[in-house]
Amino acid sequence: MDISNYLYLSALLFTIGAVGVVVRRNAIVVFMCIELMLNAANLAFVTFSRIHGNLDGQVASFFTMVVAACEVVVGLAIIVTIYRSRRSASVDDASLLKR
Amino acid sequence: MTTSSNLVYLIALPLISSALLILLGRKADKWGHLLATLVSASAFGIGVMEFLAMHSRTGVARAATQHLFSWISVGTFQVDASLLLDQLSICFVLLITGVGTLIHIYSIAYMSHDRDRRRFFAYLNLFIAAMLLLVLGDSYLNLYVGWEGVGLASYLLIGFWNQKPTYATAAKKAFVANRVGDVGLSLAIMIAFAQFGTVTFEGVKAGVPHASGAAVTAIGLMLLLAAAGKSAQFPLQSWLGDAMAGPTPVSALIHAATMVTAGVYLITRSNYIFDASSTARLLVVIVGGITLIFGALIGTAKDDIKKALAASTMSQIGYMILASGLGPVGYAIAIMHLLTHGFFKAGMFLGAGSVMHGMDDEVNMRRFGGIGKLMPITFATFGLGYLAIIGVPPFAGFYSKDKIIEIAFNAGGTKGWILGGATLLGAAITAFYMTRLVVMTFTGSKRWDEKAHPHESPILMWLPMAILAIGSVASGFFFNSGNSLVNWLAPVLNSRGVEGGAELMKPIVVSGLALLAVVIGVGIALTKYRSNVPVEAPENVTIFTKLARKDLLQDSFNEAVLMRPGQKLTAGLVKTDTNVIDGLVRLVGATFIGTATALRRIQNGYVRSYALIMVLGALALIAMIWVVTL
């Protein structure tokens, strides 16, 4: 199988994630889309690692996973807190920055 | 050259006293006038000591210098704060401190009812210090400091009673007119530095023979402009009449005896420049000639005693300027007239002040009349000054003014006839207006209000007048006997020993002509003004009288030609500034505000739209990289 297919898959997943972030209102879904984009990036890293025959990409993907784990902790905590205070998980309701 | 260590005290003493009186404020009210007078008198004492010391030295050793400190040291431009006391400066030092001290004494009584007397004396001392610096500086730049200092003192003293708006305006007018002249002086200094690389009198004198004629003429003309501003000469003469707003002792000291003669000092001090440029000399003579007639004509129509005397001052300084434009023979004569004029004009101003003091500050001569009997000492001292100014022998003015008329005739050719004729005509008009002034004030029937009680002034006032009257009587004879003043000044003013031109007429003939002119002037004035002087100035007078009453339209001319167009110009510039310059600046601001208002809409607070912009931005970035690397 052609190894570039992995890269197409990665690009597809990233696009789905990016579109999801932009079009969806539910904070949980937006969050999942972000995870999707991160994992698309991981897939690209690993693929490039394979292409070049060294381990740099795999090391980078580990870093990404650690960052993603931390982000999940902080992000979910924020979403839960916002839901508790406003009874809504819609990102459009949390537009206080404008005011 | 001798070095002296006393010169600095001449300037420092009055300067410190002035600063003390200003800084201590009302605390010094009780003794301020005494300190100021004492300081002025001690400056006179130092001056006399220096004069005696100078007199005992001979030759080049007579001039004394004192180096104070290095003032400006930039590259090749070196200016030291140094003082120079030579045969010319000592004349001025003695005149300034001598007449100055007398006027200090006079002012103690004259200003005794004024609650700001201390401030008045502080300004007087400031003036003495600045004027001494003016005549003692050894370079044009040092002179310039004093030049500006006397301008400031003059401004402060003209506007001393600045609670009256017209007086404050008069002070401002004098200051502004003087500034026009000051521009000339600063330009002269700049040209001198560009040409010679130095601004000391000695350095410039040494450089003149090697300089281009055009540069020397330019310096001469700029110096003439400066002199015209300070000495109220045509065309910058208009401020002197208004300067009479100041207290009368100020008019006597600053606007008659000393400061207004600074222009004559400047020209005679720069004799080496005027010797080298006949064009500059010719213009000096023209300016002097015009002013001497101009001032005399104004003097004939003034009813305000101080303004009549001011017009006379203008005219007499015209004589001095004319004499100093006649080359090496004229400089010393100009100084002689300056010194005798210092005596008799200061004396007459003090006399006018004494009359005003007795008449509740009335200045209109039509309201005087017959004061001579009630104020005999004032009448006597004023009368001696009067005889001196119109040039009756053997009073002071006779010697100095006749000499000027003589050398004017001797200038040669048509020029000699014109100048001689102008000076003779001036002498006749002088005799006319001075006689008019004396007759209207001191003789005839009384025309004053019942409320006025003319009385003789106290001794503190008439003593200075008496001393100045003695000077008016004797100084001319003293200066002229054995040509003493001319010989004394020769090393400074006529170092090449130039003799006068061929005599057009015998001196005795000139004196006869001058006396004839005086007699005619006195005669006309006597027939016209001995009796029946109307209290109100008559309206049905000739056009010439009307013109002279309006100062020969000097103010209207200045207003129409300089002030109004100047205002239009500044108004136009202000408009350009607000519309074009400010407009550009405001346009830049408005552009940024408009753009920012438009861009602000992007900040809508929705996370998703921020994310979209980020994605689009990233895409654009990638597209750019793609395009570049393709």
# chains A, B, ... in the order shown; residues from 1 in each chain; ligands from 1
call {"tool": "closest_atom_pairs", "arguments": {"of": "chain A", "to": "chain B", "cutoff": "10 Å", "atoms": "only C-alpha atoms", "output": "tab-separated table"}}
result
residue	atom	partner	partner_atom	distance
A:Ala18	CA	B:Val615	CA	7.5
A:Val19	CA	B:Leu612	CA	8.7
A:Gly20	CA	B:Arg608	CA	9.8
A:Val21	CA	B:Arg608	CA	6.9
A:Val22	CA	B:Arg608	CA	5.1
A:Val23	CA	B:Arg608	CA	7.3
A:Arg24	CA	B:Arg608	CA	8.3
A:Arg25	CA	B:Arg608	CA	8.1
A:Val30	CA	B:Arg608	CA	9.2
A:Val91	CA	B:Val607	CA	6.7
A:Asp92	CA	B:Tyr606	CA	5.7
A:Asp93	CA	B:Tyr606	CA	8.3
A:Ala94	CA	B:Tyr606	CA	7.6
A:Ser95	CA	B:Gly605	CA	4.7
A:Leu96	CA	B:Gly605	CA	6.5
A:Leu97	CA	B:Gly605	CA	5.2
A:Lys98	CA	B:Gly605	CA	4.3
A:Arg99	CA	B:Gly605	CA	7.9
call {"tool": "residues_around", "arguments": {"residues": "Gly25 in chain B", "least_positions_apart": "4", "cutoff": "9 Å", "atoms": "only C-alpha atoms", "output": "JSON, numbers by chain"}}
result
{"B": [20, 21, 29, 118, 119]}
call {"tool": "write_last_selection", "arguments": {"atoms": "C-alpha atoms", "output": "compact mmCIF listing (two decimals), in the first residue's frame"}}
result
# COMPACT_ATOMS: atom_id res chain seq x y z
CA LEU B 20 18.81 92.18 46.26
CA LEU B 21 16.08 94.78 45.96
CA ASP B 29 11.13 99.04 51.12
CA ARG B 118 11.99 100.09 45.79
CA ARG B 119 11.14 98.23 42.58
call {"tool": "residues_around", "arguments": {"residues": "Phe45 in chain A", "least_positions_apart": "3", "cutoff": "12 Å", "atoms": "only C-alpha atoms", "output": "list in words"}}
result
Tyr6, Leu7, Ser10, Ala11, Leu38, Asn39, Ala40, Ala41, Asn42, Phe48, Ser49, Arg50, Ile51, His52, Gly53, Asn54, Leu55, Asp56, Gly57, Gln58, Val59, Ala60, Ser61, Phe62, Phe63, Thr64 and Met65 of chain A
call {"tool": "closest_residue", "arguments": {"among": "B:Ser238, B:Ser17, B:Thr423, B:Asn6", "to": "Leu553 in chain B", "atoms": "only C-alpha atoms"}}
result
B:Ser238
call {"tool": "residues_around", "arguments": {"residues": "range 393-409 of chain B", "least_positions_apart": "5", "cutoff": "6 Å", "atoms": "only C-alpha atoms", "output": "ChimeraX atom specification"}}
result
/B:323,336-337,340,388,416-417,419-420,423,472-473,475-476
call {"tool": "atom_distance", "arguments": {"atom1": "CA of Asp182 in chain B", "atom2": "CA of Ile298 in chain B"}}
result
25.5 Å
call {"tool": "select_by_dssp", "arguments": {"residues": "range 23-98 of chain B", "states": "helix (DSSP H, G or I)", "output": "PyMOL selection string"}}
result
chain B and resi 23-28+32-56+59-62+87-98
call {"tool": "residues_around", "arguments": {"residues": "Arg281 in chain B", "least_positions_apart": "3", "cutoff": "12 Å", "atoms": "only C-alpha atoms", "output": "JSON, numbers by chain"}}
result
{"B": [216, 217, 218, 219, 220, 221, 223, 224, 267, 268, 270, 271, 272, 273, 274, 275, 276, 277, 278, 284, 285, 286, 287, 288, 321, 322, 323, 324, 325, 326, 327, 328, 330, 331, 411]}
call {"tool": "write_last_selection", "arguments": {"atoms": "C-alpha atoms", "output": "compact mmCIF listing (two decimals), in the first residue's frame"}}
result
# COMPACT_ATOMS: atom_id res chain seq x y z
CA VAL B 216 32.27 95.57 5.56
CA THR B 217 29.41 97.60 4.07
CA ALA B 218 26.93 94.90 5.15
CA ILE B 219 28.25 95.00 8.72
CA GLY B 220 28.09 98.79 8.67
CA LEU B 221 24.48 98.82 7.49
CA LEU B 223 25.11 98.25 12.80
CA LEU B 224 23.27 101.31 11.53
CA ILE B 267 28.81 103.63 15.46
CA THR B 268 31.75 105.51 16.95
CA SER B 270 32.90 100.64 15.10
CA ASN B 271 34.68 103.60 13.48
CA TYR B 272 37.09 101.27 11.63
CA ILE B 273 34.13 99.69 9.82
CA PHE B 274 32.56 102.98 8.80
CA ASP B 275 35.96 104.39 7.80
CA ALA B 276 36.27 101.51 5.35
CA SER B 277 32.83 101.86 3.74
CA SER B 278 31.71 105.13 2.21
CA VAL B 284 24.47 107.05 8.44
CA VAL B 285 24.55 110.70 7.42
CA ILE B 286 21.21 110.40 5.61
CA VAL B 287 19.55 108.72 8.59
CA GLY B 288 20.95 111.35 10.94
CA ILE B 321 24.47 110.26 14.16
CA LEU B 322 25.03 112.75 11.34
CA ALA B 323 28.33 113.78 12.89
CA SER B 324 29.45 110.20 13.36
CA GLY B 325 28.71 109.54 9.69
CA LEU B 326 31.18 112.23 8.67
CA GLY B 327 34.24 110.07 9.29
CA PRO B 328 37.18 110.44 11.66
CA GLY B 330 33.07 113.58 13.22
CA TYR B 331 33.29 110.78 15.80
CA ALA B 411 31.92 117.51 4.08
